[in-house]
Amino acid sequence: MSDSGDVAVARALTTWFRRHGRVLPWRVRGRSSRRDGYRTLVSELMLQQTQVSRVLAHYEAFVARFPDVRTLAHAREQSVLAAWSGLGYYRRAKHLHGAAKMIHHEHQGRVPCDVASLGRLPGVGAYTAGAVASLAFDRPEAIVDGNVSRVLQRLNGRRESAADAGAWAWAAADALVRSACAVGLSPGDLNEALMELGATVCTPRGPRCGACPVRDRCVARASGSQEDIPLPKPTSPRRRLHCASVVAVDGRGRVLIEQRGPDGLWADMWQAPTLERLDRPPTRSELAEYVLGRAADAGMLRRAGGFEHQTTHRRVRFVVYTARSVPAGDGRVLKSSRALSAIPISNAQRKVLAMAGVG
DNA sequence: AAGTCGGGGCA
DNA sequence: TGCCCAGACTT
């Protein structure tokens, strides 16, 4: 695309965004008429691979609980994970916590505004560094996420292979930001407009081309190929996982929970005692052995139900049992059902507890 | 370059 | 059901 074309696109997108951009909590500007770096960083970590509608359910409570870098840096990781519960990709919460510590100790508590420093923070890659730098500090940095890549490929009539899409999109985004800056437009506004267009108009399926501010400059639309761009990502089949959980409630209504290991799925999250197998469901005896210490006590387990839970790479089948008089200790602790809201628990395990009438 | 990490919404 | 989402990190 020519430079003059880029300038026209940048102008049209920026103007459109001012009129049609959604009001989102992390876009609200303070008295400085600029976005807060910390709040922007929090939102960008939450938004990695996660839709706006899902982040809305957690963002405000999170920044209310951890209003600034110092508060988050001094928090316990478990309480950060608890505030992240339900959002998924829990490693991001640990990364954000680590980033706050690094900012507190190495940047005097101020979120850095250059992509080099931002990129050294845990959990901050090329996209997030560019996003914080441009959106919060109006630095002339490009960003490419799924939305931007799709918008730029369609606009230019490209259908890049998965291997080439990244490099091509970054070059195109970079050229566009430079053109915008050259005529005095805000790089932050341009980047946000690109993402907003992808999220609300130039959607993966059923794009609303009639509402697009750059439809007359879109090569894909001219040829009617917008639905064929971008190429679908190669998908690997979901592997199966079988989980059997025991929800044990004592005489005072407290629930027994245990913590998962530090690696793999739902790392460090808490759960009702759960046994996992890749190939087949655990047997009742195996479960009784795991929870009660005696395979012969399988009769004490009462089946409460089951459900299917999906993640990107797994198809998890849960079977839920209830039991009485299960011993605590050995890492297992009793918690009142009211206290569970302050403990890191995945949505899958919330379903397990709900199925047994807890929560 | 490929695998892993959640979870929900939508055609 | 399959696909996608304001990606990053490890191997």
# chains A, B, ... in the order shown; residues from 1 in each chain; ligands from 1
$ residues_around --residues "segment 226-243 of chain A" --least-positions-apart "2" --cutoff "6 Å" --atoms "only C-alpha atoms (C1' of nucleotides)" --output "list in words"
Arg150, Arg154, Arg159, Ala220, Arg221, Gly224, Leu275, Glu276, Arg277, Leu278, Pro281, His313, Arg314, Arg315, Val316, Arg317 and Phe318 of chain A
$ interface_residues --of "chain A" --to "chain B" --cutoff "9 Å" --atoms "only C-alpha atoms (C1' of nucleotides)" --output "mmCIF file with C-alpha atoms, in the first residue's frame"
data_model
loop_
_atom_site.group_PDB
_atom_site.id
_atom_site.type_symbol
_atom_site.label_atom_id
_atom_site.label_comp_id
_atom_site.auth_asym_id
_atom_site.auth_seq_id
_atom_site.Cartn_x
_atom_site.Cartn_y
_atom_site.Cartn_z
ATOM 1 C CA THR A 50 -9.475 -13.441 25.951
ATOM 2 C CA ARG A 54 -15.010 -12.007 29.594
ATOM 3 C CA GLY A 86 -12.394 -17.895 36.139
ATOM 4 C CA LEU A 87 -10.342 -15.965 33.581
ATOM 5 C CA GLY A 88 -8.134 -18.887 32.564
ATOM 6 C CA TYR A 89 -4.487 -18.933 31.461
ATOM 7 C CA TYR A 90 -3.509 -18.491 35.087
ATOM 8 C CA ARG A 91 0.155 -18.105 34.246
ATOM 9 C CA ARG A 205 -17.114 -14.391 10.305
ATOM 10 C CA GLY A 264 0.702 -28.068 33.822
ATOM 11 C CA LEU A 265 -3.019 -27.513 33.718
ATOM 12 C CA TRP A 266 -4.489 -25.276 36.433
ATOM 13 C CA GLN A 310 -13.325 -28.090 27.281
ATOM 14 C CA THR A 311 -10.038 -26.269 27.075
ATOM 15 C CA THR A 312 -8.035 -25.451 23.965
ATOM 16 C CA HIS A 313 -6.085 -28.694 24.003
ATOM 17 C CA SER A 346 -10.752 -22.900 38.242
ATOM 18 C CA ASN A 347 -14.171 -22.704 36.684
#
$ interface_residues --of "chain A" --to "chain C" --cutoff "7 Å" --atoms "only C-alpha atoms (C1' of nucleotides)" --output "number ranges by chain"
A: 44, 47-51, 123, 125, 145
$ write_last_selection --atoms "all heavy atoms" --output "mmCIF file, in the first residue's frame"
data_model
loop_
_atom_site.group_PDB
_atom_site.id
_atom_site.type_symbol
_atom_site.label_atom_id
_atom_site.label_comp_id
_atom_site.auth_asym_id
_atom_site.auth_seq_id
_atom_site.Cartn_x
_atom_site.Cartn_y
_atom_site.Cartn_z
ATOM 1 N N GLU A 44 -4.281 -5.309 29.451
ATOM 2 C CA GLU A 44 -3.657 -6.005 28.326
ATOM 3 C C GLU A 44 -3.292 -7.442 28.685
ATOM 4 O O GLU A 44 -3.411 -8.341 27.863
ATOM 5 C CB GLU A 44 -2.427 -5.239 27.833
ATOM 6 C CG GLU A 44 -2.753 -3.937 27.127
ATOM 7 C CD GLU A 44 -3.707 -4.108 25.955
ATOM 8 O OE1 GLU A 44 -3.760 -5.206 25.362
ATOM 9 O OE2 GLU A 44 -4.419 -3.149 25.620
ATOM 10 N N LEU A 47 -6.449 -9.351 28.574
ATOM 11 C CA LEU A 47 -7.048 -9.469 27.242
ATOM 12 C C LEU A 47 -6.275 -10.409 26.322
ATOM 13 O O LEU A 47 -6.727 -10.667 25.196
ATOM 14 C CB LEU A 47 -7.144 -8.076 26.602
ATOM 15 C CG LEU A 47 -8.243 -7.185 27.189
ATOM 16 C CD1 LEU A 47 -7.991 -5.713 26.897
ATOM 17 C CD2 LEU A 47 -9.603 -7.590 26.644
ATOM 18 N N GLN A 48 -5.136 -10.935 26.786
ATOM 19 C CA GLN A 48 -4.401 -11.878 25.944
ATOM 20 C C GLN A 48 -5.260 -13.112 25.695
ATOM 21 O O GLN A 48 -5.607 -13.848 26.619
ATOM 22 C CB GLN A 48 -3.081 -12.274 26.615
ATOM 23 C CG GLN A 48 -2.045 -11.167 26.614
ATOM 24 C CD GLN A 48 -0.841 -11.484 27.486
ATOM 25 O OE1 GLN A 48 -0.751 -12.565 28.061
ATOM 26 N NE2 GLN A 48 0.095 -10.554 27.592
ATOM 27 N N GLN A 49 -5.601 -13.338 24.454
ATOM 28 C CA GLN A 49 -6.395 -14.512 24.058
ATOM 29 C C GLN A 49 -7.734 -14.593 24.769
ATOM 30 O O GLN A 49 -8.271 -15.679 24.978
ATOM 31 C CB GLN A 49 -5.592 -15.803 24.323
ATOM 32 C CG GLN A 49 -4.409 -15.940 23.410
ATOM 33 C CD GLN A 49 -4.824 -16.231 21.989
ATOM 34 O OE1 GLN A 49 -5.247 -17.320 21.661
ATOM 35 N NE2 GLN A 49 -4.722 -15.219 21.126
ATOM 36 N N THR A 50 -8.245 -13.443 25.173
ATOM 37 C CA THR A 50 -9.475 -13.441 25.951
ATOM 38 C C THR A 50 -10.368 -12.294 25.487
ATOM 39 O O THR A 50 -9.912 -11.166 25.351
ATOM 40 C CB THR A 50 -9.161 -13.281 27.454
ATOM 41 O OG1 THR A 50 -8.238 -14.303 27.832
ATOM 42 C CG2 THR A 50 -10.410 -13.406 28.299
ATOM 43 N N GLN A 51 -11.633 -12.609 25.242
ATOM 44 C CA GLN A 51 -12.533 -11.601 24.710
ATOM 45 C C GLN A 51 -12.882 -10.535 25.724
ATOM 46 O O GLN A 51 -12.895 -10.768 26.926
ATOM 47 C CB GLN A 51 -13.817 -12.264 24.207
ATOM 48 C CG GLN A 51 -13.739 -12.644 22.744
ATOM 49 C CD GLN A 51 -14.178 -14.063 22.494
ATOM 50 O OE1 GLN A 51 -14.269 -14.865 23.419
ATOM 51 N NE2 GLN A 51 -14.443 -14.385 21.250
ATOM 52 N N GLY A 123 5.612 -11.938 30.993
ATOM 53 C CA GLY A 123 4.276 -11.953 30.409
ATOM 54 C C GLY A 123 4.040 -10.887 29.371
ATOM 55 O O GLY A 123 2.949 -10.814 28.814
ATOM 56 N N GLY A 125 5.082 -9.607 25.833
ATOM 57 C CA GLY A 125 5.738 -9.876 24.564
ATOM 58 C C GLY A 125 5.613 -8.686 23.633
ATOM 59 O O GLY A 125 5.336 -7.565 24.072
ATOM 60 N N ASP A 145 -2.227 -7.989 16.890
ATOM 61 C CA ASP A 145 -2.896 -9.105 17.557
ATOM 62 C C ASP A 145 -3.767 -9.790 16.510
ATOM 63 O O ASP A 145 -3.664 -9.491 15.320
ATOM 64 C CB ASP A 145 -3.729 -8.596 18.738
ATOM 65 C CG ASP A 145 -4.890 -7.750 18.277
ATOM 66 O OD1 ASP A 145 -4.888 -7.322 17.105
ATOM 67 O OD2 ASP A 145 -5.810 -7.509 19.067
#
$ atom_distance --atom1 "atom CA of Ala169 of chain A" --atom2 "atom CA of Val52 of chain A"
22.3 Å
$ atom_distance --atom1 "atom CA of Ala100 of chain A" --atom2 "atom CA of Val69 of chain A"
5.4 Å
$ residues_around --residues "segment 56-62 of chain A" --least-positions-apart "2" --cutoff "9 Å" --atoms "only C-alpha atoms (C1' of nucleotides)" --output "compact mmCIF listing (two decimals) with all heavy atoms, in the first residue's frame"
# COMPACT_ATOMS: atom_id res chain seq x y z
N LEU A 24 -14.95 1.44 27.41
CA LEU A 24 -14.52 0.30 28.22
C LEU A 24 -13.77 0.82 29.44
O LEU A 24 -13.11 1.86 29.36
CB LEU A 24 -13.63 -0.63 27.39
CG LEU A 24 -14.30 -1.22 26.14
CD1 LEU A 24 -13.29 -1.95 25.27
CD2 LEU A 24 -15.44 -2.14 26.54
N PRO A 25 -13.84 0.10 30.54
CA PRO A 25 -13.26 0.63 31.80
C PRO A 25 -11.80 1.00 31.69
O PRO A 25 -11.35 1.97 32.28
CB PRO A 25 -13.48 -0.50 32.81
CG PRO A 25 -14.24 -1.56 32.13
CD PRO A 25 -14.54 -1.17 30.73
N TRP A 26 -11.03 0.22 30.92
CA TRP A 26 -9.60 0.51 30.82
C TRP A 26 -9.31 1.62 29.81
O TRP A 26 -8.19 2.03 29.63
CB TRP A 26 -8.82 -0.75 30.45
CG TRP A 26 -9.42 -1.53 29.33
CD1 TRP A 26 -9.15 -1.37 28.01
CD2 TRP A 26 -10.36 -2.60 29.43
NE1 TRP A 26 -9.88 -2.27 27.27
CE2 TRP A 26 -10.63 -3.05 28.12
CE3 TRP A 26 -11.00 -3.23 30.50
CZ2 TRP A 26 -11.51 -4.09 27.84
CZ3 TRP A 26 -11.88 -4.27 30.23
CH2 TRP A 26 -12.13 -4.69 28.92
N VAL A 42 -2.63 -4.03 33.27
CA VAL A 42 -3.55 -5.06 33.78
C VAL A 42 -4.52 -5.50 32.69
O VAL A 42 -4.72 -6.69 32.45
CB VAL A 42 -4.33 -4.53 35.01
CG1 VAL A 42 -5.43 -5.51 35.41
CG2 VAL A 42 -3.39 -4.29 36.18
N SER A 43 -5.11 -4.54 32.01
CA SER A 43 -6.11 -4.90 31.01
C SER A 43 -5.47 -5.69 29.87
O SER A 43 -6.06 -6.66 29.38
CB SER A 43 -6.80 -3.64 30.47
OG SER A 43 -5.92 -2.87 29.68
N MET A 46 -4.92 -9.25 30.84
CA MET A 46 -6.20 -9.96 30.90
C MET A 46 -6.74 -10.25 29.50
O MET A 46 -7.40 -11.26 29.28
CB MET A 46 -7.23 -9.14 31.67
CG MET A 46 -7.04 -9.16 33.17
SD MET A 46 -8.47 -8.42 33.99
CE MET A 46 -8.05 -8.77 35.71
N GLN A 51 -11.63 -12.61 25.24
CA GLN A 51 -12.53 -11.60 24.71
C GLN A 51 -12.88 -10.53 25.72
O GLN A 51 -12.89 -10.77 26.93
CB GLN A 51 -13.82 -12.26 24.21
CG GLN A 51 -13.74 -12.64 22.74
CD GLN A 51 -14.18 -14.06 22.49
OE1 GLN A 51 -14.27 -14.86 23.42
NE2 GLN A 51 -14.44 -14.38 21.25
N VAL A 52 -13.19 -9.35 25.19
CA VAL A 52 -13.53 -8.20 26.02
C VAL A 52 -14.65 -8.54 27.01
O VAL A 52 -14.59 -8.20 28.18
CB VAL A 52 -13.95 -7.01 25.14
CG1 VAL A 52 -14.64 -5.93 25.96
CG2 VAL A 52 -12.72 -6.43 24.44
N SER A 53 -15.67 -9.25 26.53
CA SER A 53 -16.82 -9.52 27.39
C SER A 53 -16.43 -10.33 28.62
O SER A 53 -17.01 -10.19 29.69
CB SER A 53 -17.90 -10.25 26.59
OG SER A 53 -17.38 -11.48 26.10
N ARG A 54 -15.43 -11.19 28.46
CA ARG A 54 -15.01 -12.01 29.59
C ARG A 54 -14.17 -11.19 30.56
O ARG A 54 -14.24 -11.36 31.77
CB ARG A 54 -14.22 -13.22 29.12
CG ARG A 54 -14.93 -13.99 28.04
CD ARG A 54 -14.91 -15.48 28.26
NE ARG A 54 -15.28 -15.82 29.60
CZ ARG A 54 -14.43 -16.23 30.53
NH1 ARG A 54 -13.16 -16.35 30.23
NH2 ARG A 54 -14.84 -16.53 31.72
N ALA A 64 -9.77 -2.75 41.71
CA ALA A 64 -10.24 -2.23 43.00
C ALA A 64 -9.45 -2.89 44.13
O ALA A 64 -9.07 -2.25 45.10
CB ALA A 64 -11.74 -2.50 43.17
N ARG A 65 -9.19 -4.18 43.96
CA ARG A 65 -8.43 -4.92 44.99
C ARG A 65 -6.95 -4.56 44.95
O ARG A 65 -6.28 -4.46 45.98
CB ARG A 65 -8.62 -6.41 44.75
CG ARG A 65 -7.79 -7.32 45.61
CD ARG A 65 -8.54 -7.70 46.88
NE ARG A 65 -7.66 -8.23 47.89
CZ ARG A 65 -7.36 -9.52 48.01
NH1 ARG A 65 -7.92 -10.40 47.20
NH2 ARG A 65 -6.55 -9.94 48.96
N PHE A 66 -6.41 -4.38 43.74
CA PHE A 66 -5.00 -4.03 43.55
C PHE A 66 -4.94 -2.74 42.73
O PHE A 66 -4.72 -2.78 41.51
CB PHE A 66 -4.25 -5.15 42.83
CG PHE A 66 -4.46 -6.52 43.45
CD1 PHE A 66 -5.27 -7.45 42.83
CD2 PHE A 66 -3.85 -6.86 44.65
CE1 PHE A 66 -5.47 -8.71 43.37
CE2 PHE A 66 -4.05 -8.12 45.21
CZ PHE A 66 -4.86 -9.04 44.58
N PRO A 67 -5.12 -1.59 43.38
CA PRO A 67 -5.29 -0.33 42.63
C PRO A 67 -4.02 0.23 42.01
O PRO A 67 -4.11 1.08 41.14
CB PRO A 67 -5.85 0.64 43.69
CG PRO A 67 -5.42 0.06 44.98
CD PRO A 67 -5.32 -1.42 44.81
N VAL A 80 -3.59 -12.94 44.26
CA VAL A 80 -3.65 -12.49 42.86
C VAL A 80 -4.34 -13.55 42.01
O VAL A 80 -5.22 -13.25 41.19
CB VAL A 80 -2.25 -12.19 42.32
CG1 VAL A 80 -2.31 -11.70 40.88
CG2 VAL A 80 -1.54 -11.16 43.20
N ALA A 83 -8.05 -13.52 42.50
CA ALA A 83 -8.75 -12.47 41.77
C ALA A 83 -8.83 -12.79 40.27
O ALA A 83 -9.63 -12.20 39.55
CB ALA A 83 -8.04 -11.13 41.97
N TRP A 84 -7.98 -13.70 39.83
CA TRP A 84 -7.95 -14.10 38.43
C TRP A 84 -8.86 -15.30 38.17
O TRP A 84 -9.10 -15.68 37.04
CB TRP A 84 -6.51 -14.45 38.03
CG TRP A 84 -6.18 -14.31 36.58
CD1 TRP A 84 -6.36 -15.25 35.61
CD2 TRP A 84 -5.61 -13.18 35.94
NE1 TRP A 84 -5.93 -14.77 34.40
CE2 TRP A 84 -5.46 -13.49 34.58
CE3 TRP A 84 -5.19 -11.91 36.39
CZ2 TRP A 84 -4.92 -12.59 33.65
CZ3 TRP A 84 -4.65 -11.02 35.47
CH2 TRP A 84 -4.52 -11.37 34.13
N SER A 85 -9.38 -15.89 39.22
CA SER A 85 -10.14 -17.13 39.08
C SER A 85 -11.29 -16.99 38.10
O SER A 85 -12.09 -16.06 38.19
CB SER A 85 -10.71 -17.55 40.45
OG SER A 85 -9.68 -17.99 41.29
N GLY A 86 -11.35 -17.91 37.14
CA GLY A 86 -12.39 -17.89 36.14
C GLY A 86 -11.94 -17.33 34.81
O GLY A 86 -12.58 -17.55 33.79
N LEU A 87 -10.83 -16.59 34.82
CA LEU A 87 -10.34 -15.97 33.58
C LEU A 87 -9.54 -16.93 32.72
O LEU A 87 -9.41 -16.73 31.51
CB LEU A 87 -9.47 -14.75 33.91
CG LEU A 87 -10.10 -13.38 33.73
CD1 LEU A 87 -9.10 -12.30 34.11
CD2 LEU A 87 -10.58 -13.17 32.31
$ closest_residue --among "A:Val115, A:Ala172, A:Val333, A:Leu185" --to "Glu141 of chain A" --atoms "only C-alpha atoms"
A:Val115
$ select_by_dssp --residues "segment 20-206 of chain A" --states "helix (DSSP H, G or I)" --output "MDAnalysis selection string"
chainID A and resid 20 25:27 37:47 52:65 69:74 77:84 91:106 115:119 126:137 146:155 162:182 187:200
$ select_by_dssp --residues "segment 112-332 of chain A" --states "strand (DSSP E)" --output "VMD selection string"
chain A and resid 239 to 248 254 to 259 270 to 271 274 to 277 302 to 310 314 to 323
$ atom_distance --atom1 "atom CA of Gly206 of chain A" --atom2 "atom CA of Ala193 of chain A"
19.1 Å
